[in-house]
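Chemist: What follows is the file target06.cif, containing mmCIF, C-alpha atoms:
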```cif
data_target
loop_
_atom_site.group_PDB
_atom_site.id
_atom_site.type_symbol
_atom_site.label_atom_id
_atom_site.label_comp_id
_atom_site.auth_asym_id
_atom_site.auth_seq_id
_atom_site.Cartn_x
_atom_site.Cartn_y
_atom_site.Cartn_z
ATOM 1 C CA MET A 1 0.000 0.000 0.000
ATOM 2 C CA ARG A 2 1.331 3.427 -0.913
ATOM 3 C CA PRO A 3 1.036 6.360 1.535
ATOM 4 C CA PHE A 4 0.215 8.843 -1.234
ATOM 5 C CA PRO A 5 -3.542 8.070 -1.512
ATOM 6 C CA LEU A 6 -3.964 8.318 2.267
ATOM 7 C CA THR A 7 -2.162 11.681 2.338
ATOM 8 C CA LEU A 8 -4.236 12.914 -0.585
ATOM 9 C CA ALA A 9 -7.451 11.770 1.139
ATOM 10 C CA ALA A 10 -6.487 13.564 4.361
ATOM 11 C CA ALA A 11 -5.701 16.769 2.472
ATOM 12 C CA LEU A 12 -9.020 16.555 0.597
ATOM 13 C CA ALA A 13 -10.928 16.013 3.857
ATOM 14 C CA ALA A 14 -9.192 19.011 5.478
ATOM 15 C CA THR A 15 -10.007 21.172 2.455
ATOM 16 C CA LEU A 16 -13.674 20.166 2.604
ATOM 17 C CA LEU A 17 -13.811 20.914 6.333
ATOM 18 C CA LEU A 18 -12.327 24.369 5.843
ATOM 19 C CA THR A 19 -14.559 25.114 2.863
ATOM 20 C CA GLY A 20 -17.603 24.174 4.929
ATOM 21 C CA CYS A 21 -16.806 27.075 7.290
ATOM 22 C CA ASP A 22 -17.788 29.610 4.629
ATOM 23 C CA ASP A 23 -21.476 29.219 5.490
ATOM 24 C CA ASP A 24 -20.833 30.176 9.137
ATOM 25 C CA LYS A 25 -22.492 33.492 10.063
ATOM 26 C CA THR A 26 -19.331 34.459 11.956
ATOM 27 C CA GLY A 27 -17.211 34.103 8.827
ATOM 28 C CA GLY A 28 -15.943 36.899 6.593
ATOM 29 C CA ASP A 29 -17.359 40.424 6.542
ATOM 30 C CA ASP A 30 -19.685 39.830 3.578
ATOM 31 C CA VAL A 31 -21.244 36.710 5.109
ATOM 32 C CA LYS A 32 -21.429 38.159 8.621
ATOM 33 C CA ASN A 33 -23.313 41.237 7.406
ATOM 34 C CA ALA A 34 -25.597 39.516 4.908
ATOM 35 C CA ASP A 35 -28.631 39.897 7.191
ATOM 36 C CA ARG A 36 -27.946 43.515 8.187
ATOM 37 C CA LYS A 37 -29.374 46.342 6.116
ATOM 38 C CA SER A 38 -26.951 49.025 4.955
ATOM 39 C CA GLY A 39 -27.437 52.131 7.096
ATOM 40 C CA SER A 40 -28.872 50.265 10.098
ATOM 41 C CA ALA A 41 -27.458 50.704 13.595
ATOM 42 C CA CYS A 42 -23.774 49.829 13.882
ATOM 43 C CA ALA A 43 -23.084 46.490 15.558
ATOM 44 C CA LEU A 44 -20.172 46.184 17.956
ATOM 45 C CA GLY A 45 -19.246 42.832 16.428
ATOM 46 C CA ASP A 46 -18.537 44.606 13.132
ATOM 47 C CA MET A 47 -16.147 47.120 14.707
ATOM 48 C CA GLY A 48 -12.408 47.022 15.122
ATOM 49 C CA VAL A 49 -11.542 48.573 18.493
ATOM 50 C CA GLU A 50 -8.366 50.461 19.426
ATOM 51 C CA VAL A 51 -7.741 52.175 22.756
ATOM 52 C CA GLY A 52 -5.342 55.022 23.487
ATOM 53 C CA ALA A 53 -4.968 56.687 26.848
ATOM 54 C CA GLY A 54 -3.577 59.856 28.324
ATOM 55 C CA ALA A 55 -3.637 58.505 31.863
ATOM 56 C CA ALA A 56 -3.865 60.952 34.762
ATOM 57 C CA PRO A 57 -0.495 60.768 36.550
ATOM 58 C CA ALA A 58 -1.666 61.696 40.069
ATOM 59 C CA ALA A 59 -4.783 62.104 42.206
ATOM 60 C CA GLY A 60 -6.779 65.160 41.139
ATOM 61 C CA ASP A 61 -5.376 65.126 37.581
ATOM 62 C CA THR A 62 -7.595 64.614 34.543
ATOM 63 C CA GLY A 63 -7.019 61.698 32.197
ATOM 64 C CA THR A 64 -8.567 60.503 28.964
ATOM 65 C CA VAL A 65 -9.193 57.146 27.358
ATOM 66 C CA THR A 66 -9.970 57.383 23.638
ATOM 67 C CA VAL A 67 -11.706 54.487 21.905
ATOM 68 C CA THR A 68 -11.419 54.381 18.116
ATOM 69 C CA LEU A 69 -13.847 52.213 16.190
ATOM 70 C CA THR A 70 -13.306 51.063 12.593
ATOM 71 C CA ASN A 71 -16.343 49.781 10.713
ATOM 72 C CA LYS A 72 -15.492 46.412 9.175
ATOM 73 C CA GLY A 73 -19.066 45.701 8.080
ATOM 74 C CA ALA A 74 -21.716 47.274 5.895
ATOM 75 C CA GLN A 75 -22.497 50.998 6.113
ATOM 76 C CA CYS A 76 -24.194 51.695 9.436
ATOM 77 C CA SER A 77 -25.247 54.562 11.664
ATOM 78 C CA LEU A 78 -24.617 55.740 15.217
ATOM 79 C CA LYS A 79 -27.317 57.880 16.828
ATOM 80 C CA GLY A 80 -26.672 59.017 20.375
ATOM 81 C CA PHE A 81 -23.889 58.360 22.861
ATOM 82 C CA PRO A 82 -21.897 55.251 23.658
ATOM 83 C CA GLY A 83 -23.001 53.580 26.873
ATOM 84 C CA VAL A 84 -20.043 53.346 29.265
ATOM 85 C CA ASP A 85 -19.924 51.540 32.607
ATOM 86 C CA LEU A 86 -17.077 51.480 35.121
ATOM 87 C CA HIS A 87 -16.739 48.236 37.091
ATOM 88 C CA PHE A 88 -15.223 48.134 40.582
ATOM 89 C CA LYS A 89 -15.144 45.620 43.438
ATOM 90 C CA ASP A 90 -18.513 46.527 44.914
ATOM 91 C CA GLY A 91 -20.474 47.284 41.749
ATOM 92 C CA THR A 92 -20.845 49.201 38.533
ATOM 93 C CA THR A 93 -21.572 52.821 37.757
ATOM 94 C CA SER A 94 -22.685 54.336 34.459
ATOM 95 C CA VAL A 95 -20.771 57.229 32.962
ATOM 96 C CA SER A 96 -22.823 60.256 31.874
ATOM 97 C CA PRO A 97 -22.295 62.192 28.643
ATOM 98 C CA ASP A 98 -20.069 65.282 28.801
ATOM 99 C CA GLU A 99 -21.973 68.254 30.188
ATOM 100 C CA GLY A 100 -23.466 70.216 27.310
ATOM 101 C CA ALA A 101 -22.640 67.542 24.711
ATOM 102 C CA GLN A 102 -25.187 67.055 21.956
ATOM 103 C CA ALA A 103 -25.842 63.612 20.514
ATOM 104 C CA GLN A 104 -25.344 63.530 16.771
ATOM 105 C CA SER A 105 -26.184 61.079 14.025
ATOM 106 C CA LEU A 106 -23.171 59.666 12.229
ATOM 107 C CA THR A 107 -23.026 57.341 9.212
ATOM 108 C CA LEU A 108 -20.013 55.048 8.888
ATOM 109 C CA ALA A 109 -19.154 53.440 5.570
ATOM 110 C CA LYS A 110 -17.121 50.242 5.594
ATOM 111 C CA GLY A 111 -13.536 51.126 6.561
ATOM 112 C CA ASN A 112 -14.425 54.486 8.154
ATOM 113 C CA THR A 113 -13.565 55.307 11.744
ATOM 114 C CA THR A 114 -15.051 57.220 14.631
ATOM 115 C CA SER A 115 -13.957 57.728 18.207
ATOM 116 C CA PHE A 116 -15.237 58.723 21.616
ATOM 117 C CA THR A 117 -13.390 59.752 24.752
ATOM 118 C CA ILE A 118 -13.881 58.868 28.397
ATOM 119 C CA THR A 119 -12.595 61.721 30.558
ATOM 120 C CA TYR A 120 -11.993 61.092 34.256
ATOM 121 C CA VAL A 121 -10.425 62.630 37.347
ATOM 122 C CA ARG A 122 -7.970 60.327 39.056
ATOM 123 C CA GLY A 123 -8.860 59.510 42.638
ATOM 124 C CA GLU A 124 -6.578 58.954 45.585
ATOM 125 C CA ALA A 125 -5.579 55.299 46.050
ATOM 126 C CA GLY A 126 -7.440 53.668 48.930
ATOM 127 C CA SER A 127 -9.676 56.686 49.579
ATOM 128 C CA ALA A 128 -13.379 56.301 50.338
ATOM 129 C CA GLU A 129 -13.855 59.085 47.758
ATOM 130 C CA SER A 130 -12.394 56.935 44.962
ATOM 131 C CA LEU A 131 -13.565 53.973 42.907
ATOM 132 C CA ASP A 132 -10.936 51.286 42.368
ATOM 133 C CA VAL A 133 -12.019 50.609 38.778
ATOM 134 C CA HIS A 134 -10.704 47.411 37.202
ATOM 135 C CA LYS A 135 -12.709 47.377 33.978
ATOM 136 C CA ALA A 136 -14.715 49.666 31.718
ATOM 137 C CA SER A 137 -17.276 48.366 29.257
ATOM 138 C CA PHE A 138 -19.100 50.116 26.464
ATOM 139 C CA THR A 139 -22.035 49.528 24.150
ATOM 140 C CA LEU A 140 -23.163 51.264 20.983
ATOM 141 C CA PRO A 141 -26.556 52.911 20.556
ATOM 142 C CA GLY A 142 -28.805 50.386 18.839
ATOM 143 C CA ASP A 143 -26.613 47.464 20.015
ATOM 144 C CA THR A 144 -26.954 47.690 23.780
ATOM 145 C CA ASN A 145 -26.950 43.899 24.292
ATOM 146 C CA THR A 146 -23.312 43.567 23.194
ATOM 147 C CA ALA A 147 -20.594 45.140 25.359
ATOM 148 C CA HIS A 148 -16.875 45.474 24.764
ATOM 149 C CA ASP A 149 -14.695 45.250 27.887
ATOM 150 C CA LEU A 150 -11.563 47.313 28.441
ATOM 151 C CA GLU A 151 -9.079 46.555 31.190
ATOM 152 C CA TRP A 152 -8.811 49.720 33.322
ATOM 153 C CA THR A 153 -5.177 50.344 34.249
ATOM 154 C CA TYR A 154 -5.428 54.106 34.714
ATOM 155 C CA GLY A 155 -5.846 54.290 38.480
ATOM 156 C CA GLU A 156 -8.782 55.051 40.721
ATOM 157 C CA VAL A 157 -11.590 57.356 39.617
ATOM 158 C CA ALA A 158 -12.630 60.180 41.948
ATOM 159 C CA ARG A 159 -16.225 60.159 43.128
ATOM 160 C CA THR A 160 -16.552 63.390 45.071
ATOM 161 C CA ASN A 161 -20.099 64.667 44.353
ATOM 162 C CA GLY A 162 -20.719 61.728 42.006
ATOM 163 C CA THR A 163 -18.373 59.807 39.763
ATOM 164 C CA GLN A 164 -15.890 62.173 38.171
ATOM 165 C CA ALA A 165 -16.055 60.702 34.676
ATOM 166 C CA SER A 166 -17.880 61.543 31.466
ATOM 167 C CA VAL A 167 -18.055 60.326 27.883
ATOM 168 C CA SER A 168 -18.001 62.382 24.689
ATOM 169 C CA GLY A 169 -20.215 61.849 21.700
ATOM 170 C CA PHE A 170 -18.901 60.120 18.600
ATOM 171 C CA GLU A 171 -16.327 62.170 16.698
ATOM 172 C CA THR A 172 -15.624 61.801 12.999
ATOM 173 C CA SER A 173 -12.136 60.781 12.000
ATOM 174 C CA GLY A 174 -10.241 61.764 8.883
ATOM 175 C CA ASP A 175 -11.831 63.782 6.091
#
```
Can I see the file as structure tokens?

Modeler:
Amino acid sequence: MRPFPLTLAAALAATLLLTGCDDDKTGGDDVKNADRKSGSACALGDMGVEVGAGAAPAAGDTGTVTVTLTNKGAQCSLKGFPGVDLHFKDGTTSVSPDEGAQAQSLTLAKGNTTSFTITYVRGEAGSAESLDVHKASFTLPGDTNTAHDLEWTYGEVARTNGTQASVSGFETSGD
């Protein structure tokens, strides 16, 4: 018996297995978005996420965490503010929009980006007036059942007179 036919059969079986994955709804962008209408609410699962931070160096300083989203799916829209929660040992608190910020409607074509910024005041470590945040999570308007978690490594968040954090609206990127 020659090993060649067995090797060929194994390769053919592997090819068929991999080809069968194309019908999976979690496959490539075109398949994944086949059921979503162009211009509908943006889905978090269709977004690439990048995080950049200007961490507050000391208690009382202001820091920022900027989240950039790249649409990898069909054209979609964002109407409103991102929903942001800060998670700490004893619970979760929601972050309010920046004071005076106006929600806008934004359309993202495939490949376009947008960003939003979480601004916070760093709290004093171990203080009763600080939240020892370990994670932040966010949702998109129209896709509030899917959250993206971010490890929070930027220190405590002050909570004098309420949590000292806010979130901006969506900003356009590029041209």

Chemist: Step by step, work through what the PyMOL selection byres ((chain A and resi 92-108) around 8) selects in the shown file, and finish by giving those residues as a ChimeraX atom specification.

Modeler: /A:39,71,75-81,83-88,90-91,109-114,163,165-170,172

Chemist: Enter the distance from atom CA of Thr146 of chain A to atom CA of Val49 of chain A, in Å, rounded to one decimal.

Modeler: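 Interatomic distance here is 13.6 Å.
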
Chemist: At a cut-off of 6 Å from (-13.0, 60.6, 27.3) in the coordinates of the file, what residues are picked up using only C-alpha atoms, written as a list in words?

Modeler: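 All residues meeting the 6 Å criterion around (-13.0, 60.6, 27.3) are Thr64, Val65, Thr66, Thr117, Ile118, Thr119, Val167 and Ser168 of chain A.
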
Chemist: Taking only C-alpha atoms into account, name the residue in A:Gly123, A:Gly52, A:Gly162, A:Pro82 that is nearest to Ala147 of chain A.

Modeler: A:Pro82

Chemist: Given the choices A:Thr144, A:Val121, A:Asp149, A:Val133, which gets closest to Glu50 of chain A if the distance is worked out from all atoms listed in the file?

Modeler: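 Smallest distance to Glu50 of chain A is found for A:Asp149.
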
Chemist: Could you tell me how far atom CA of Thr62 of chain A lies from atom CA of Phe138 of chain A, in Å and to one decimal?

Modeler: 20.2 Å

Chemist: What does the distance from atom CA of Gly63 of chain A to atom CA of Asp132 of chain A come to in Å, to one decimal?

Modeler: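 So the two atoms, atom CA of Gly63 of chain A and atom CA of Asp132 of chain A, lie 15.1 Å apart.
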
Chemist: Save N, CA, C and O atoms of segment 119-152 of chain A from the block above as a PDB file, in the first residue's frame.

Modeler:
```
ATOM      1  N   THR A 119     -13.420  60.793  29.783  1.00  0.00           N
ATOM      2  CA  THR A 119     -12.595  61.721  30.558  1.00  0.00           C
ATOM      3  C   THR A 119     -12.872  61.449  32.040  1.00  0.00           C
ATOM      4  O   THR A 119     -14.031  61.261  32.426  1.00  0.00           O
ATOM      5  N   TYR A 120     -11.812  61.400  32.837  1.00  0.00           N
ATOM      6  CA  TYR A 120     -11.993  61.092  34.256  1.00  0.00           C
ATOM      7  C   TYR A 120     -10.994  61.887  35.104  1.00  0.00           C
ATOM      8  O   TYR A 120      -9.975  62.361  34.613  1.00  0.00           O
ATOM      9  N   VAL A 121     -11.327  62.035  36.371  1.00  0.00           N
ATOM     10  CA  VAL A 121     -10.425  62.630  37.347  1.00  0.00           C
ATOM     11  C   VAL A 121      -9.887  61.482  38.194  1.00  0.00           C
ATOM     12  O   VAL A 121     -10.663  60.673  38.720  1.00  0.00           O
ATOM     13  N   ARG A 122      -8.580  61.419  38.286  1.00  0.00           N
ATOM     14  CA  ARG A 122      -7.970  60.327  39.056  1.00  0.00           C
ATOM     15  C   ARG A 122      -8.216  60.542  40.541  1.00  0.00           C
ATOM     16  O   ARG A 122      -8.051  61.638  41.075  1.00  0.00           O
ATOM     17  N   GLY A 123      -8.619  59.483  41.202  1.00  0.00           N
ATOM     18  CA  GLY A 123      -8.860  59.510  42.638  1.00  0.00           C
ATOM     19  C   GLY A 123      -7.625  59.103  43.413  1.00  0.00           C
ATOM     20  O   GLY A 123      -6.650  58.597  42.856  1.00  0.00           O
ATOM     21  N   GLU A 124      -7.683  59.326  44.698  1.00  0.00           N
ATOM     22  CA  GLU A 124      -6.578  58.954  45.585  1.00  0.00           C
ATOM     23  C   GLU A 124      -6.689  57.470  45.920  1.00  0.00           C
ATOM     24  O   GLU A 124      -7.757  56.990  46.316  1.00  0.00           O
ATOM     25  N   ALA A 125      -5.593  56.738  45.782  1.00  0.00           N
ATOM     26  CA  ALA A 125      -5.579  55.299  46.050  1.00  0.00           C
ATOM     27  C   ALA A 125      -6.035  55.011  47.470  1.00  0.00           C
ATOM     28  O   ALA A 125      -5.565  55.644  48.421  1.00  0.00           O
ATOM     29  N   GLY A 126      -6.977  54.083  47.608  1.00  0.00           N
ATOM     30  CA  GLY A 126      -7.440  53.668  48.930  1.00  0.00           C
ATOM     31  C   GLY A 126      -8.426  54.603  49.591  1.00  0.00           C
ATOM     32  O   GLY A 126      -8.911  54.322  50.681  1.00  0.00           O
ATOM     33  N   SER A 127      -8.762  55.713  48.991  1.00  0.00           N
ATOM     34  CA  SER A 127      -9.676  56.686  49.579  1.00  0.00           C
ATOM     35  C   SER A 127     -11.131  56.231  49.424  1.00  0.00           C
ATOM     36  O   SER A 127     -11.504  55.626  48.417  1.00  0.00           O
ATOM     37  N   ALA A 128     -11.947  56.570  50.419  1.00  0.00           N
ATOM     38  CA  ALA A 128     -13.379  56.301  50.338  1.00  0.00           C
ATOM     39  C   ALA A 128     -14.030  57.147  49.251  1.00  0.00           C
ATOM     40  O   ALA A 128     -15.147  56.857  48.819  1.00  0.00           O
ATOM     41  N   GLU A 129     -13.353  58.189  48.805  1.00  0.00           N
ATOM     42  CA  GLU A 129     -13.855  59.085  47.758  1.00  0.00           C
ATOM     43  C   GLU A 129     -13.361  58.689  46.364  1.00  0.00           C
ATOM     44  O   GLU A 129     -13.377  59.489  45.440  1.00  0.00           O
ATOM     45  N   SER A 130     -12.894  57.431  46.242  1.00  0.00           N
ATOM     46  CA  SER A 130     -12.394  56.935  44.962  1.00  0.00           C
ATOM     47  C   SER A 130     -12.985  55.576  44.652  1.00  0.00           C
ATOM     48  O   SER A 130     -13.285  54.797  45.555  1.00  0.00           O
ATOM     49  N   LEU A 131     -13.147  55.290  43.368  1.00  0.00           N
ATOM     50  CA  LEU A 131     -13.565  53.973  42.907  1.00  0.00           C
ATOM     51  C   LEU A 131     -12.344  53.264  42.351  1.00  0.00           C
ATOM     52  O   LEU A 131     -11.660  53.795  41.471  1.00  0.00           O
ATOM     53  N   ASP A 132     -12.062  52.079  42.857  1.00  0.00           N
ATOM     54  CA  ASP A 132     -10.936  51.286  42.368  1.00  0.00           C
ATOM     55  C   ASP A 132     -11.419  50.498  41.151  1.00  0.00           C
ATOM     56  O   ASP A 132     -11.739  49.319  41.225  1.00  0.00           O
ATOM     57  N   VAL A 133     -11.490  51.179  40.019  1.00  0.00           N
ATOM     58  CA  VAL A 133     -12.019  50.609  38.778  1.00  0.00           C
ATOM     59  C   VAL A 133     -11.029  49.587  38.221  1.00  0.00           C
ATOM     60  O   VAL A 133      -9.829  49.843  38.164  1.00  0.00           O
ATOM     61  N   HIS A 134     -11.555  48.435  37.811  1.00  0.00           N
ATOM     62  CA  HIS A 134     -10.704  47.411  37.202  1.00  0.00           C
ATOM     63  C   HIS A 134     -11.068  47.154  35.745  1.00  0.00           C
ATOM     64  O   HIS A 134     -10.287  46.582  34.999  1.00  0.00           O
ATOM     65  N   LYS A 135     -12.270  47.614  35.345  1.00  0.00           N
ATOM     66  CA  LYS A 135     -12.709  47.377  33.978  1.00  0.00           C
ATOM     67  C   LYS A 135     -13.718  48.446  33.579  1.00  0.00           C
ATOM     68  O   LYS A 135     -14.501  48.909  34.405  1.00  0.00           O
ATOM     69  N   ALA A 136     -13.682  48.827  32.300  1.00  0.00           N
ATOM     70  CA  ALA A 136     -14.715  49.666  31.718  1.00  0.00           C
ATOM     71  C   ALA A 136     -15.343  48.847  30.602  1.00  0.00           C
ATOM     72  O   ALA A 136     -14.670  48.033  29.962  1.00  0.00           O
ATOM     73  N   SER A 137     -16.622  49.029  30.381  1.00  0.00           N
ATOM     74  CA  SER A 137     -17.276  48.366  29.257  1.00  0.00           C
ATOM     75  C   SER A 137     -18.109  49.402  28.525  1.00  0.00           C
ATOM     76  O   SER A 137     -18.547  50.389  29.109  1.00  0.00           O
ATOM     77  N   PHE A 138     -18.273  49.189  27.221  1.00  0.00           N
ATOM     78  CA  PHE A 138     -19.100  50.116  26.464  1.00  0.00           C
ATOM     79  C   PHE A 138     -19.982  49.376  25.479  1.00  0.00           C
ATOM     80  O   PHE A 138     -19.685  48.262  25.052  1.00  0.00           O
ATOM     81  N   THR A 139     -21.100  50.017  25.161  1.00  0.00           N
ATOM     82  CA  THR A 139     -22.035  49.528  24.150  1.00  0.00           C
ATOM     83  C   THR A 139     -22.269  50.646  23.150  1.00  0.00           C
ATOM     84  O   THR A 139     -21.970  51.814  23.423  1.00  0.00           O
ATOM     85  N   LEU A 140     -22.814  50.278  22.006  1.00  0.00           N
ATOM     86  CA  LEU A 140     -23.163  51.264  20.983  1.00  0.00           C
ATOM     87  C   LEU A 140     -24.663  51.477  20.991  1.00  0.00           C
ATOM     88  O   LEU A 140     -25.423  50.544  21.280  1.00  0.00           O
ATOM     89  N   PRO A 141     -25.113  52.694  20.651  1.00  0.00           N
ATOM     90  CA  PRO A 141     -26.556  52.911  20.556  1.00  0.00           C
ATOM     91  C   PRO A 141     -27.132  51.993  19.478  1.00  0.00           C
ATOM     92  O   PRO A 141     -26.552  51.852  18.408  1.00  0.00           O
ATOM     93  N   GLY A 142     -28.207  51.323  19.783  1.00  0.00           N
ATOM     94  CA  GLY A 142     -28.805  50.386  18.839  1.00  0.00           C
ATOM     95  C   GLY A 142     -28.259  48.972  18.973  1.00  0.00           C
ATOM     96  O   GLY A 142     -28.763  48.042  18.362  1.00  0.00           O
ATOM     97  N   ASP A 143     -27.195  48.789  19.778  1.00  0.00           N
ATOM     98  CA  ASP A 143     -26.613  47.464  20.015  1.00  0.00           C
ATOM     99  C   ASP A 143     -26.247  47.365  21.491  1.00  0.00           C
ATOM    100  O   ASP A 143     -25.121  47.083  21.849  1.00  0.00           O
ATOM    101  N   THR A 144     -27.226  47.616  22.347  1.00  0.00           N
ATOM    102  CA  THR A 144     -26.954  47.690  23.780  1.00  0.00           C
ATOM    103  C   THR A 144     -26.832  46.328  24.451  1.00  0.00           C
ATOM    104  O   THR A 144     -26.500  46.247  25.626  1.00  0.00           O
ATOM    105  N   ASN A 145     -27.089  45.244  23.716  1.00  0.00           N
ATOM    106  CA  ASN A 145     -26.950  43.899  24.292  1.00  0.00           C
ATOM    107  C   ASN A 145     -25.535  43.367  24.181  1.00  0.00           C
ATOM    108  O   ASN A 145     -25.211  42.344  24.783  1.00  0.00           O
ATOM    109  N   THR A 146     -24.685  44.016  23.396  1.00  0.00           N
ATOM    110  CA  THR A 146     -23.312  43.567  23.194  1.00  0.00           C
ATOM    111  C   THR A 146     -22.367  44.605  23.770  1.00  0.00           C
ATOM    112  O   THR A 146     -22.381  45.756  23.341  1.00  0.00           O
ATOM    113  N   ALA A 147     -21.544  44.210  24.732  1.00  0.00           N
ATOM    114  CA  ALA A 147     -20.594  45.140  25.359  1.00  0.00           C
ATOM    115  C   ALA A 147     -19.166  44.721  25.029  1.00  0.00           C
ATOM    116  O   ALA A 147     -18.870  43.543  24.853  1.00  0.00           O
ATOM    117  N   HIS A 148     -18.314  45.715  24.941  1.00  0.00           N
ATOM    118  CA  HIS A 148     -16.875  45.474  24.764  1.00  0.00           C
ATOM    119  C   HIS A 148     -16.195  45.882  26.066  1.00  0.00           C
ATOM    120  O   HIS A 148     -16.400  46.985  26.563  1.00  0.00           O
ATOM    121  N   ASP A 149     -15.381  44.987  26.620  1.00  0.00           N
ATOM    122  CA  ASP A 149     -14.695  45.250  27.887  1.00  0.00           C
ATOM    123  C   ASP A 149     -13.288  45.776  27.648  1.00  0.00           C
ATOM    124  O   ASP A 149     -12.584  45.304  26.750  1.00  0.00           O
ATOM    125  N   LEU A 150     -12.910  46.744  28.464  1.00  0.00           N
ATOM    126  CA  LEU A 150     -11.563  47.313  28.441  1.00  0.00           C
ATOM    127  C   LEU A 150     -10.959  47.153  29.825  1.00  0.00           C
ATOM    128  O   LEU A 150     -11.585  47.527  30.821  1.00  0.00           O
ATOM    129  N   GLU A 151      -9.764  46.620  29.902  1.00  0.00           N
ATOM    130  CA  GLU A 151      -9.079  46.555  31.190  1.00  0.00           C
ATOM    131  C   GLU A 151      -8.738  47.985  31.606  1.00  0.00           C
ATOM    132  O   GLU A 151      -8.204  48.756  30.808  1.00  0.00           O
ATOM    133  N   TRP A 152      -9.066  48.359  32.824  1.00  0.00           N
ATOM    134  CA  TRP A 152      -8.811  49.720  33.322  1.00  0.00           C
ATOM    135  C   TRP A 152      -7.521  49.702  34.123  1.00  0.00           C
ATOM    136  O   TRP A 152      -7.466  49.158  35.220  1.00  0.00           O
TER     137      TRP A 152
END
```
